[in-house]
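Next up, protein-v7.cif (mmCIF, C-alpha atoms):
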```
data_run
#
loop_
_atom_site.label_atom_id
_atom_site.label_comp_id
_atom_site.auth_asym_id
_atom_site.auth_seq_id
_atom_site.Cartn_x
_atom_site.Cartn_y
_atom_site.Cartn_z
CA MET J 1 0.00 0.00 0.00
CA SER J 2 1.36 3.44 -0.88
CA PRO J 3 1.98 6.09 1.79
CA LYS J 4 -0.86 8.21 0.42
CA ALA J 5 -3.31 5.31 0.68
CA GLU J 6 -2.25 4.65 4.28
CA ALA J 7 -2.32 8.27 5.43
CA PRO J 8 -6.02 8.41 6.48
CA ASP J 9 -5.58 5.27 8.61
CA PHE J 10 -4.94 6.94 11.98
CA SER J 11 -5.45 5.57 15.47
CA VAL J 12 -5.57 8.38 18.03
CA VAL J 13 -4.31 7.56 21.53
CA ILE J 14 -5.35 9.69 24.52
CA CYS J 15 -3.88 8.73 27.91
CA ALA J 16 -5.78 9.68 31.06
CA TYR J 17 -5.10 9.18 34.75
CA THR J 18 -7.43 11.31 36.88
CA GLU J 19 -11.15 12.00 37.13
CA ASP J 20 -10.27 15.63 37.84
CA ARG J 21 -9.87 16.01 34.08
CA TRP J 22 -13.22 14.43 33.19
CA GLU J 23 -14.55 17.35 31.16
CA ASP J 24 -11.14 17.80 29.50
CA ILE J 25 -11.07 14.14 28.43
CA LEU J 26 -14.54 14.40 26.90
CA ALA J 27 -13.50 17.58 25.09
CA ALA J 28 -10.37 15.90 23.73
CA VAL J 29 -12.40 12.98 22.35
CA ALA J 30 -14.98 15.37 20.87
CA SER J 31 -12.23 17.30 19.06
CA VAL J 32 -10.99 14.08 17.48
CA ARG J 33 -14.52 13.34 16.30
CA ARG J 34 -14.64 16.73 14.56
CA GLN J 35 -11.58 16.01 12.39
CA THR J 36 -11.88 16.73 8.67
CA LEU J 37 -9.86 13.55 8.24
CA PRO J 38 -11.72 11.11 10.52
CA PRO J 39 -9.54 8.65 12.41
CA LEU J 40 -10.00 4.92 12.28
CA GLU J 41 -10.45 4.87 16.06
CA THR J 42 -9.82 6.72 19.29
CA LEU J 43 -8.19 4.80 22.14
CA LEU J 44 -8.56 6.09 25.70
CA VAL J 45 -5.89 4.50 27.90
CA VAL J 46 -6.50 4.81 31.64
CA ASP J 47 -3.47 4.72 33.92
CA HIS J 48 -4.24 2.50 36.93
CA ASN J 49 -7.43 4.28 37.98
CA PRO J 50 -10.29 1.74 38.18
CA ALA J 51 -12.94 4.36 38.93
CA LEU J 52 -12.03 6.43 35.87
CA LEU J 53 -11.80 3.28 33.75
CA ARG J 54 -15.34 2.22 34.70
CA ARG J 55 -16.71 5.72 34.21
CA LEU J 56 -15.21 6.10 30.74
CA ARG J 57 -16.35 2.63 29.68
CA ASP J 58 -19.88 3.51 30.77
CA ARG J 59 -19.68 6.85 28.93
CA TYR J 60 -18.56 5.33 25.62
CA GLU J 61 -20.34 1.98 25.82
CA GLY J 62 -21.61 0.93 22.41
CA GLU J 63 -19.52 3.51 20.53
CA ARG J 64 -17.31 1.40 18.30
CA GLU J 65 -15.02 4.25 17.25
CA VAL J 66 -13.94 4.86 20.86
CA ARG J 67 -12.22 2.10 22.85
CA VAL J 68 -11.37 2.42 26.53
CA LEU J 69 -8.33 0.43 27.71
CA ALA J 70 -6.49 -0.11 30.96
CA ASN J 71 -2.77 0.61 30.98
CA ALA J 72 -1.26 -2.87 30.61
CA GLY J 73 2.17 -1.88 31.93
CA PRO J 74 3.61 -0.09 34.96
CA ARG J 75 2.13 3.21 36.04
CA GLY J 76 3.08 6.17 33.86
CA LEU J 77 2.47 7.94 30.56
CA SER J 78 5.02 5.92 28.60
CA SER J 79 3.37 2.61 29.45
CA GLY J 80 -0.02 4.08 28.67
CA ARG J 81 1.13 5.14 25.23
CA ASN J 82 2.70 1.74 24.64
CA THR J 83 -0.60 0.09 25.59
CA GLY J 84 -2.38 2.27 23.03
CA ILE J 85 0.17 1.50 20.33
CA ALA J 86 -0.12 -2.24 20.95
CA ALA J 87 -3.91 -2.19 20.74
CA SER J 88 -4.19 0.20 17.79
CA LEU J 89 -5.31 -0.89 14.34
CA GLY J 90 -4.10 2.02 12.23
CA HIS J 91 -0.97 2.25 10.12
CA PHE J 92 -0.33 5.60 11.84
CA VAL J 93 -0.68 6.44 15.54
CA ALA J 94 -1.35 9.97 16.77
CA PHE J 95 -1.13 11.14 20.38
CA LEU J 96 -3.24 13.86 21.97
CA ASP J 97 -2.99 15.03 25.59
CA ASP J 98 -6.08 14.39 27.71
CA ASP J 99 -6.30 18.10 28.60
CA ALA J 100 -6.03 19.38 25.03
CA VAL J 101 -8.33 19.86 22.05
CA ALA J 102 -7.27 19.52 18.43
CA GLU J 103 -8.27 21.90 15.67
CA PRO J 104 -10.36 20.25 12.92
CA ASP J 105 -7.52 19.87 10.38
CA TRP J 106 -5.06 18.40 12.89
CA LEU J 107 -4.96 14.90 11.43
CA ARG J 108 -5.17 16.14 7.84
CA TYR J 109 -1.94 18.10 8.24
CA PHE J 110 -0.29 15.13 9.91
CA ALA J 111 -1.32 12.96 6.95
CA GLU J 112 0.19 15.34 4.42
CA GLY J 113 3.59 14.88 6.04
CA TYR J 114 3.59 11.18 5.29
CA ASP J 115 3.52 11.60 1.50
CA ASP J 116 7.27 10.97 1.75
CA GLU J 117 7.83 7.36 2.82
CA ARG J 118 10.99 8.37 4.72
CA VAL J 119 8.92 10.38 7.19
CA MET J 120 8.50 8.40 10.40
CA ALA J 121 6.99 11.07 12.67
CA VAL J 122 5.06 14.32 12.32
CA GLY J 123 4.38 16.69 15.20
CA GLY J 124 2.39 19.88 15.46
CA ARG J 125 2.07 23.19 17.30
CA THR J 126 0.64 23.29 20.82
CA LEU J 127 -0.82 26.56 22.08
CA PRO J 128 -1.49 27.30 25.77
CA ALA J 129 -5.04 27.89 26.99
CA TRP J 130 -4.37 29.76 30.22
CA ALA J 131 -6.84 29.22 33.05
CA SER J 132 -6.67 32.93 33.87
CA GLY J 133 -7.52 33.81 30.29
CA ARG J 134 -4.14 35.35 29.50
CA ARG J 135 -0.44 34.57 29.75
CA PRO J 136 1.08 35.64 33.10
CA ALA J 137 3.13 38.77 32.43
CA TRP J 138 6.30 37.18 33.83
CA PHE J 139 6.00 33.88 31.92
CA PRO J 140 8.50 33.80 28.98
CA GLN J 141 7.40 32.20 25.71
CA GLU J 142 10.84 30.57 25.57
CA PHE J 143 9.69 28.34 28.46
CA ASP J 144 6.26 27.33 27.17
CA TRP J 145 7.52 23.74 27.18
CA VAL J 146 7.07 23.96 30.96
CA VAL J 147 3.31 23.80 30.37
CA GLY J 148 3.55 21.31 27.50
CA CYS J 149 3.36 23.82 24.67
CA THR J 150 5.40 24.92 21.68
CA TYR J 151 8.05 27.37 22.80
CA ARG J 152 9.78 30.32 21.17
CA GLY J 153 12.90 29.07 19.45
CA LEU J 154 11.38 26.22 17.49
CA PRO J 155 11.53 26.90 13.74
CA PRO J 156 8.21 27.88 12.13
CA GLY J 157 6.48 26.16 9.22
CA LYS J 158 6.98 22.56 8.16
CA VAL J 159 10.52 21.66 9.19
CA ARG J 160 12.76 18.74 10.00
CA VAL J 161 13.50 18.28 13.72
CA ARG J 162 15.42 16.01 16.08
CA ASN J 163 12.28 15.08 17.99
CA VAL J 164 8.56 15.77 18.07
CA LEU J 165 6.70 16.75 21.27
CA GLY J 166 4.73 13.84 22.65
CA GLY J 167 1.37 15.47 23.44
CA ASN J 168 0.85 16.54 19.83
CA ALA J 169 2.55 14.00 17.60
CA SER J 170 2.08 11.10 15.25
CA PHE J 171 4.21 8.18 14.14
CA ARG J 172 4.23 5.69 11.33
CA ARG J 173 3.68 2.23 12.83
CA ALA J 174 6.94 1.11 11.22
CA ALA J 175 8.74 3.46 13.61
CA PHE J 176 7.72 1.33 16.60
CA ASP J 177 8.50 -1.86 14.72
CA ALA J 178 12.03 -0.53 14.20
CA CYS J 179 12.89 0.80 17.66
CA GLY J 180 10.28 -0.32 20.16
CA GLY J 181 8.05 1.89 22.27
CA PHE J 182 8.36 4.74 24.74
CA ALA J 183 10.87 4.16 27.52
CA THR J 184 9.39 3.56 30.95
CA GLY J 185 10.88 5.18 34.02
CA ILE J 186 11.52 8.54 32.36
CA GLY J 187 8.21 10.20 31.45
CA ARG J 188 5.19 11.38 33.40
CA ASP J 189 3.77 9.36 36.27
CA GLY J 190 0.94 11.51 37.51
CA ASP J 191 2.70 14.52 39.04
CA ARG J 192 5.92 12.75 40.03
CA ARG J 193 9.41 13.49 38.73
CA PRO J 194 10.94 13.22 36.22
CA LEU J 195 8.27 14.65 33.97
CA GLY J 196 9.41 14.48 30.38
CA CYS J 197 11.82 13.71 27.57
CA GLU J 198 10.45 10.26 26.75
CA GLU J 199 9.62 11.40 23.21
CA THR J 200 13.13 12.86 22.83
CA GLU J 201 14.71 9.54 23.78
CA LEU J 202 12.37 7.61 21.47
CA CYS J 203 13.05 9.87 18.49
CA ILE J 204 16.83 9.65 18.94
CA ARG J 205 16.56 5.87 19.23
CA LEU J 206 14.39 5.84 16.09
CA THR J 207 16.88 7.76 13.96
CA ARG J 208 19.65 5.48 15.15
CA ALA J 209 17.64 2.41 14.11
CA LEU J 210 16.60 4.05 10.80
CA PRO J 211 19.34 6.54 9.79
CA ASP J 212 17.33 7.75 6.78
CA ALA J 213 14.26 8.51 8.88
CA VAL J 214 12.80 12.02 8.67
CA LEU J 215 10.97 13.63 11.59
CA LEU J 216 8.89 16.74 10.96
CA ILE J 217 6.95 19.43 12.77
CA ASP J 218 4.13 21.06 10.83
CA ASP J 219 2.92 24.07 12.78
CA ARG J 220 -0.44 24.00 10.98
CA ALA J 221 -1.36 20.89 13.02
CA VAL J 222 -2.58 22.83 16.04
CA ILE J 223 -3.90 21.77 19.41
CA HIS J 224 -4.87 23.92 22.40
CA HIS J 225 -3.51 22.68 25.72
CA ARG J 226 -5.23 23.71 28.95
CA VAL J 227 -2.96 25.28 31.55
CA PRO J 228 -4.55 25.10 35.01
CA ALA J 229 -4.06 27.89 37.52
CA VAL J 230 -1.45 25.98 39.54
CA ARG J 231 0.79 25.79 36.48
CA GLU J 232 0.67 29.55 36.04
CA GLN J 233 2.59 29.93 39.30
CA PHE J 234 6.34 30.45 39.56
CA ARG J 235 6.65 27.53 41.98
CA TYR J 236 5.48 25.11 39.30
CA PHE J 237 7.69 26.81 36.72
CA GLY J 238 10.79 26.20 38.85
CA GLY J 239 9.88 22.65 39.79
CA ARG J 240 9.11 21.66 36.22
CA SER J 241 12.37 23.20 34.99
CA TYR J 242 14.28 21.21 37.61
CA ALA J 243 12.49 18.01 36.60
CA GLU J 244 13.31 18.61 32.94
CA GLY J 245 16.98 18.83 33.82
CA MET J 246 16.75 15.49 35.62
CA SER J 247 15.09 13.89 32.61
CA LYS J 248 17.70 15.32 30.24
CA ALA J 249 20.41 13.71 32.35
CA LEU J 250 18.76 10.31 31.91
CA VAL J 251 18.41 10.81 28.16
CA ALA J 252 22.02 11.96 27.80
CA ARG J 253 23.21 8.92 29.73
CA SER J 254 21.15 6.62 27.49
CA VAL J 255 21.86 8.05 24.04
CA GLY J 256 24.97 10.18 24.72
CA ALA J 257 25.29 13.89 25.37
CA GLY J 258 25.98 14.59 21.68
CA LYS J 259 22.48 13.71 20.46
CA GLY J 260 20.79 13.98 23.82
CA LEU J 261 21.67 17.68 24.17
CA GLU J 262 22.07 18.67 20.53
CA SER J 263 19.00 20.92 20.33
CA GLU J 264 19.43 22.15 23.90
CA ARG J 265 22.84 23.69 23.14
CA ARG J 266 21.40 26.03 20.53
CA TYR J 267 18.46 26.77 22.81
CA THR J 268 20.63 27.75 25.78
CA THR J 269 23.29 29.65 23.83
CA ARG J 270 21.07 31.55 21.40
CA VAL J 271 17.36 31.45 22.19
CA LEU J 272 17.53 32.08 25.93
CA PRO J 273 20.09 34.91 25.88
CA ALA J 274 17.96 36.64 23.24
CA GLY J 275 14.96 36.20 25.51
CA VAL J 276 16.77 37.81 28.43
CA VAL J 277 17.79 40.76 26.29
CA ARG J 278 14.22 41.10 25.02
CA GLY J 279 12.87 41.11 28.56
CA LEU J 280 15.35 43.69 29.78
CA ARG J 281 14.61 45.89 26.78
CA ASP J 282 10.89 45.67 27.50
CA ALA J 283 11.57 46.58 31.12
CA ALA J 284 13.61 49.61 30.05
CA LEU J 285 10.73 50.70 27.83
CA GLY J 286 8.28 50.34 30.70
CA ARG J 287 6.49 47.35 29.21
CA ARG J 288 4.67 45.09 31.62
CA GLY J 289 6.47 41.94 32.77
CA GLY J 290 9.76 42.50 30.98
CA ALA J 291 11.99 42.22 34.03
CA GLY J 292 10.00 39.26 35.29
CA ARG J 293 10.44 37.37 32.02
CA ALA J 294 14.18 38.01 32.00
CA GLY J 295 14.45 36.84 35.60
CA ALA J 296 12.31 33.76 34.95
CA ILE J 297 14.56 32.69 32.08
CA VAL J 298 17.63 32.92 34.31
CA ALA J 299 15.86 31.09 37.14
CA GLY J 300 14.64 28.39 34.76
CA VAL J 301 18.14 27.79 33.43
CA VAL J 302 19.55 27.53 36.96
CA ALA J 303 16.80 25.10 38.02
CA ALA J 304 17.25 22.93 34.92
CA ALA J 305 21.02 22.88 35.39
CA ALA J 306 20.61 21.82 39.02
CA GLY J 307 18.23 19.07 37.99
CA TYR J 308 20.67 17.89 35.33
CA VAL J 309 23.48 17.62 37.87
CA VAL J 310 21.32 15.74 40.37
CA GLY J 311 19.90 13.48 37.65
CA GLY J 312 23.38 12.71 36.37
CA VAL J 313 24.61 11.77 39.85
CA ARG J 314 21.61 9.54 40.47
CA ALA J 315 21.95 7.85 37.09
CA GLY J 316 25.66 7.30 37.70
CA ARG J 317 24.90 5.63 41.02
CA GLY J 318 22.22 3.45 39.48
CA GLY J 319 19.48 5.29 41.36
CA ALA J 320 17.60 6.24 38.19
CA ALA J 321 17.05 4.05 35.18
CA PHE J 322 14.56 3.37 32.45
CA SER J 323 13.96 0.67 29.91
CA SER J 324 12.48 0.35 26.45
CA GLY J 325 11.60 -2.59 24.31
CA PRO J 326 9.37 -3.91 21.57
CA ILE J 327 5.66 -3.18 21.61
CA ALA J 328 3.73 -6.27 22.60
CA ASN J 329 0.84 -7.36 20.42
CA THR J 330 -2.50 -6.82 22.11
CA ALA J 331 -5.61 -8.23 20.50
CA PRO J 332 -8.27 -5.49 20.30
CA SER J 333 -10.96 -7.72 21.79
CA GLU J 334 -8.75 -8.47 24.80
CA ALA J 335 -7.60 -4.88 25.34
CA ALA J 336 -11.14 -3.53 25.18
CA ARG J 337 -12.51 -5.80 27.90
#
```

So, in terms of structure tokens, how does the structure I just supplied come out?
Amino acid sequence: MSPKAEAPDFSVVICAYTEDRWEDILAAVASVRRQTLPPLETLLVVDHNPALLRRLRDRYEGEREVRVLANAGPRGLSSGRNTGIAASLGHFVAFLDDDAVAEPDWLRYFAEGYDDERVMAVGGRTLPAWASGRRPAWFPQEFDWVVGCTYRGLPPGKVRVRNVLGGNASFRRAAFDACGGFATGIGRDGDRRPLGCEETELCIRLTRALPDAVLLIDDRAVIHHRVPAVREQFRYFGGRSYAEGMSKALVARSVGAGKGLESERRYTTRVLPAGVVRGLRDAALGRRGGAGRAGAIVAGVVAAAAGYVVGGVRAGRGGAAFSSGPIANTAPSEAAR
């Protein structure tokens, strides 16, 4: 089958773990149903929460296009995604955060990227939906990754990248056949640390397994990611920056600092200094939040660096590890029970 014939054949995986996001989960599923390129199926994977699992199964009972699954692996986002991959029927697997909604052409733009058979992954642009209705004046766009969104410094348009961002991404099934699934022990587990980088590690592993593989971001594939009030606070900003540093240390230990920190070097030596200068200039011109943004960038760098050092020490002592492997086959009838 040609890539163009396969492109509409998407399975969408949404991982959920808490009933606190009930309305968000329903909104995420509804946004998938509104796609101009309808998916083959939507898989809701529930992370070790029996009450939420029962509630979602009751909500979508009899709806064949939505399947509700229990995470078949250890607790955490990576295992949830791997469960969804194993149970999916599509030739392409897309991932959407449970607290995000996709614009109607989200999957269509993903599909266009796969016209080239070398393309193994296509990601999109994630915009913050602030609980307060507006970005906090002190919050720098360069650190929007803290709240799971596309940050200033990523190239615009449809471009080749080292890695896609996991909450708004898609992969050709052959990618998982080549390198296995998401590594466990590195990504989100509720609100515990470390909190990220599992997609970075997977994408680096993928390009090592398939040296000709192409990974893209198309910023027309847009989702809107809810940012709750607690994540608008500086305390969360600092803690999440620290956790990112810890995760980067694990990735660098696994795949080497060369690839593991390749994009981060440009980010820290070019993007962030420019952001500090921009903030200080805004402060000098009397613009709201300028000094705060400059200070937040510096604080975020310090926190991430501290996390990297601590993560490196723990990894060196064997106190932090993660594993990855092939995706197990899960029969749809069994997974849906």

Inset, instruction - Convert the output of the PyMOL selection byres ((chain J and resi 73) around 12) on the shown file into explicit residues, formatted as a ChimeraX atom specification. - result: /J:45-48,69-72,74-84,86,181-185,324,327-328,330

For the interface of stretch 152-186 of chain J with stretch 137-142 of chain J (cut-off 10 Å, counting only C-alpha atoms), please tabulate each contacting residue of stretch 152-186 of chain J alongside its nearest pair of atoms and their separation in Å to one decimal, rows sorted by chain and increasing number, as CSV.
```
residue,atom,partner,partner_atom,distance
J:Arg152,CA,J:Glu142,CA,4.5
J:Gly153,CA,J:Glu142,CA,6.6
J:Leu154,CA,J:Glu142,CA,9.2
```

Legend entry - For J:Lys158: contacts at 7 Å, all atoms listed in the file, fewer than 3 positions along chain excluded, given as a list in words: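 These residues fall inside the cut-off: Leu216, Ile217, Asp218 and Asp219 of chain J.
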
Legend entry - Atom-to-atom span, atom CA of J:Tyr109 and atom CA of J:Val164, Å: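 If I compute the distance from atom CA of J:Tyr109 to atom CA of J:Val164, I get 14.6 Å.
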
Legend entry - Result set of the PyMOL selection byres ((chain J and resi 52-58) around 7) on the coordinates above, as a VMD selection string: chain J and resid 18 to 19 46 49 to 51 59 to 61 68 70

Inset, instruction - Point out the residue among J:Ala243, J:Cys197, J:Ala221, J:Leu44 with the least atom-to-atom distance to J:Arg125, counting all atoms listed in the file. - result: J:Ala221

Legend entry - Output of the PyMOL selection byres ((chain J and resi 296-304) around 10), listed as a PyMOL selection string: chain J and resi 138-143+146+234+237-248+268+272-273+275-276+279+290-295+305-310

Legend entry - Minimum-distance residue to J:Thr36, chosen among J:Arg226, J:Arg67, J:Arg253, J:Arg108 (using all atoms listed in the file):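 That would be J:Arg108, the residue with the smallest distance to J:Thr36.
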
Add whatever atoms are absent from stretch 81-106 of chain J to reach N, CA, C and O atoms, and provide the output as a PDB file, keeping the file's coordinate frame.
```
ATOM      1  N   ARG J  81       0.987   4.986  26.681  1.00  0.00           N
ATOM      2  CA  ARG J  81       1.130   5.140  25.230  1.00  0.00           C
ATOM      3  C   ARG J  81       1.472   3.806  24.579  1.00  0.00           C
ATOM      4  O   ARG J  81       0.952   3.476  23.505  1.00  0.00           O
ATOM      5  N   ASN J  82       2.346   3.034  25.212  1.00  0.00           N
ATOM      6  CA  ASN J  82       2.700   1.740  24.640  1.00  0.00           C
ATOM      7  C   ASN J  82       1.496   0.803  24.587  1.00  0.00           C
ATOM      8  O   ASN J  82       1.339   0.029  23.635  1.00  0.00           O
ATOM      9  N   THR J  83       0.628   0.880  25.601  1.00  0.00           N
ATOM     10  CA  THR J  83      -0.600   0.090  25.590  1.00  0.00           C
ATOM     11  C   THR J  83      -1.476   0.491  24.395  1.00  0.00           C
ATOM     12  O   THR J  83      -2.040  -0.360  23.696  1.00  0.00           O
ATOM     13  N   GLY J  84      -1.590   1.795  24.162  1.00  0.00           N
ATOM     14  CA  GLY J  84      -2.380   2.270  23.030  1.00  0.00           C
ATOM     15  C   GLY J  84      -1.798   1.838  21.698  1.00  0.00           C
ATOM     16  O   GLY J  84      -2.532   1.424  20.787  1.00  0.00           O
ATOM     17  N   ILE J  85      -0.483   1.930  21.572  1.00  0.00           N
ATOM     18  CA  ILE J  85       0.170   1.500  20.330  1.00  0.00           C
ATOM     19  C   ILE J  85      -0.110   0.026  20.069  1.00  0.00           C
ATOM     20  O   ILE J  85      -0.458  -0.382  18.949  1.00  0.00           O
ATOM     21  N   ALA J  86       0.054  -0.803  21.112  1.00  0.00           N
ATOM     22  CA  ALA J  86      -0.120  -2.240  20.950  1.00  0.00           C
ATOM     23  C   ALA J  86      -1.527  -2.614  20.537  1.00  0.00           C
ATOM     24  O   ALA J  86      -1.735  -3.563  19.767  1.00  0.00           O
ATOM     25  N   ALA J  87      -2.514  -1.863  21.034  1.00  0.00           N
ATOM     26  CA  ALA J  87      -3.910  -2.190  20.740  1.00  0.00           C
ATOM     27  C   ALA J  87      -4.431  -1.525  19.467  1.00  0.00           C
ATOM     28  O   ALA J  87      -5.504  -1.885  18.977  1.00  0.00           O
ATOM     29  N   SER J  88      -3.693  -0.585  18.919  1.00  0.00           N
ATOM     30  CA  SER J  88      -4.190   0.200  17.790  1.00  0.00           C
ATOM     31  C   SER J  88      -4.226  -0.616  16.504  1.00  0.00           C
ATOM     32  O   SER J  88      -3.458  -1.554  16.319  1.00  0.00           O
ATOM     33  N   LEU J  89      -5.123  -0.205  15.610  1.00  0.00           N
ATOM     34  CA  LEU J  89      -5.310  -0.890  14.340  1.00  0.00           C
ATOM     35  C   LEU J  89      -4.787  -0.099  13.152  1.00  0.00           C
ATOM     36  O   LEU J  89      -4.648  -0.640  12.057  1.00  0.00           O
ATOM     37  N   GLY J  90      -4.506   1.166  13.344  1.00  0.00           N
ATOM     38  CA  GLY J  90      -4.100   2.020  12.230  1.00  0.00           C
ATOM     39  C   GLY J  90      -2.657   1.839  11.825  1.00  0.00           C
ATOM     40  O   GLY J  90      -1.824   1.365  12.605  1.00  0.00           O
ATOM     41  N   HIS J  91      -2.353   2.244  10.592  1.00  0.00           N
ATOM     42  CA  HIS J  91      -0.970   2.250  10.120  1.00  0.00           C
ATOM     43  C   HIS J  91      -0.193   3.444  10.672  1.00  0.00           C
ATOM     44  O   HIS J  91       1.033   3.488  10.576  1.00  0.00           O
ATOM     45  N   PHE J  92      -0.931   4.416  11.232  1.00  0.00           N
ATOM     46  CA  PHE J  92      -0.330   5.600  11.840  1.00  0.00           C
ATOM     47  C   PHE J  92      -0.979   5.802  13.203  1.00  0.00           C
ATOM     48  O   PHE J  92      -2.175   5.560  13.371  1.00  0.00           O
ATOM     49  N   VAL J  93      -0.181   6.237  14.179  1.00  0.00           N
ATOM     50  CA  VAL J  93      -0.680   6.440  15.540  1.00  0.00           C
ATOM     51  C   VAL J  93      -0.410   7.883  15.933  1.00  0.00           C
ATOM     52  O   VAL J  93       0.732   8.352  15.876  1.00  0.00           O
ATOM     53  N   ALA J  94      -1.474   8.582  16.314  1.00  0.00           N
ATOM     54  CA  ALA J  94      -1.350   9.970  16.770  1.00  0.00           C
ATOM     55  C   ALA J  94      -1.637  10.045  18.258  1.00  0.00           C
ATOM     56  O   ALA J  94      -2.446   9.272  18.790  1.00  0.00           O
ATOM     57  N   PHE J  95      -0.969  10.976  18.935  1.00  0.00           N
ATOM     58  CA  PHE J  95      -1.130  11.140  20.380  1.00  0.00           C
ATOM     59  C   PHE J  95      -1.649  12.544  20.666  1.00  0.00           C
ATOM     60  O   PHE J  95      -1.133  13.531  20.138  1.00  0.00           O
ATOM     61  N   LEU J  96      -2.651  12.596  21.541  1.00  0.00           N
ATOM     62  CA  LEU J  96      -3.240  13.860  21.970  1.00  0.00           C
ATOM     63  C   LEU J  96      -3.329  13.848  23.488  1.00  0.00           C
ATOM     64  O   LEU J  96      -3.772  12.859  24.094  1.00  0.00           O
ATOM     65  N   ASP J  97      -2.892  14.936  24.138  1.00  0.00           N
ATOM     66  CA  ASP J  97      -2.990  15.030  25.590  1.00  0.00           C
ATOM     67  C   ASP J  97      -4.455  15.010  26.021  1.00  0.00           C
ATOM     68  O   ASP J  97      -5.343  15.491  25.302  1.00  0.00           O
ATOM     69  N   ASP J  98      -4.699  14.494  27.230  1.00  0.00           N
ATOM     70  CA  ASP J  98      -6.080  14.390  27.710  1.00  0.00           C
ATOM     71  C   ASP J  98      -6.651  15.734  28.145  1.00  0.00           C
ATOM     72  O   ASP J  98      -7.856  15.829  28.394  1.00  0.00           O
ATOM     73  N   ASP J  99      -5.812  16.760  28.246  1.00  0.00           N
ATOM     74  CA  ASP J  99      -6.300  18.100  28.600  1.00  0.00           C
ATOM     75  C   ASP J  99      -6.072  19.074  27.448  1.00  0.00           C
ATOM     76  O   ASP J  99      -5.781  20.253  27.657  1.00  0.00           O
ATOM     77  N   ALA J 100      -6.218  18.556  26.226  1.00  0.00           N
ATOM     78  CA  ALA J 100      -6.030  19.380  25.030  1.00  0.00           C
ATOM     79  C   ALA J 100      -7.146  19.096  24.030  1.00  0.00           C
ATOM     80  O   ALA J 100      -7.774  18.030  24.065  1.00  0.00           O
ATOM     81  N   VAL J 101      -7.377  20.059  23.149  1.00  0.00           N
ATOM     82  CA  VAL J 101      -8.330  19.860  22.050  1.00  0.00           C
ATOM     83  C   VAL J 101      -7.620  20.180  20.738  1.00  0.00           C
ATOM     84  O   VAL J 101      -6.824  21.116  20.659  1.00  0.00           O
ATOM     85  N   ALA J 102      -7.899  19.370  19.737  1.00  0.00           N
ATOM     86  CA  ALA J 102      -7.270  19.520  18.430  1.00  0.00           C
ATOM     87  C   ALA J 102      -8.148  20.341  17.504  1.00  0.00           C
ATOM     88  O   ALA J 102      -9.380  20.194  17.511  1.00  0.00           O
ATOM     89  N   GLU J 103      -7.517  21.195  16.699  1.00  0.00           N
ATOM     90  CA  GLU J 103      -8.270  21.900  15.670  1.00  0.00           C
ATOM     91  C   GLU J 103      -8.703  20.911  14.577  1.00  0.00           C
ATOM     92  O   GLU J 103      -8.085  19.847  14.416  1.00  0.00           O
ATOM     93  N   PRO J 104      -9.750  21.232  13.828  1.00  0.00           N
ATOM     94  CA  PRO J 104     -10.360  20.250  12.920  1.00  0.00           C
ATOM     95  C   PRO J 104      -9.427  19.659  11.868  1.00  0.00           C
ATOM     96  O   PRO J 104      -9.640  18.516  11.445  1.00  0.00           O
ATOM     97  N   ASP J 105      -8.413  20.384  11.433  1.00  0.00           N
ATOM     98  CA  ASP J 105      -7.520  19.870  10.380  1.00  0.00           C
ATOM     99  C   ASP J 105      -6.253  19.227  10.939  1.00  0.00           C
ATOM    100  O   ASP J 105      -5.300  18.967  10.201  1.00  0.00           O
ATOM    101  N   TRP J 106      -6.229  18.958  12.217  1.00  0.00           N
ATOM    102  CA  TRP J 106      -5.060  18.400  12.890  1.00  0.00           C
ATOM    103  C   TRP J 106      -4.538  17.143  12.199  1.00  0.00           C
ATOM    104  O   TRP J 106      -3.378  17.080  11.771  1.00  0.00           O
TER     105      TRP J 106
END
```
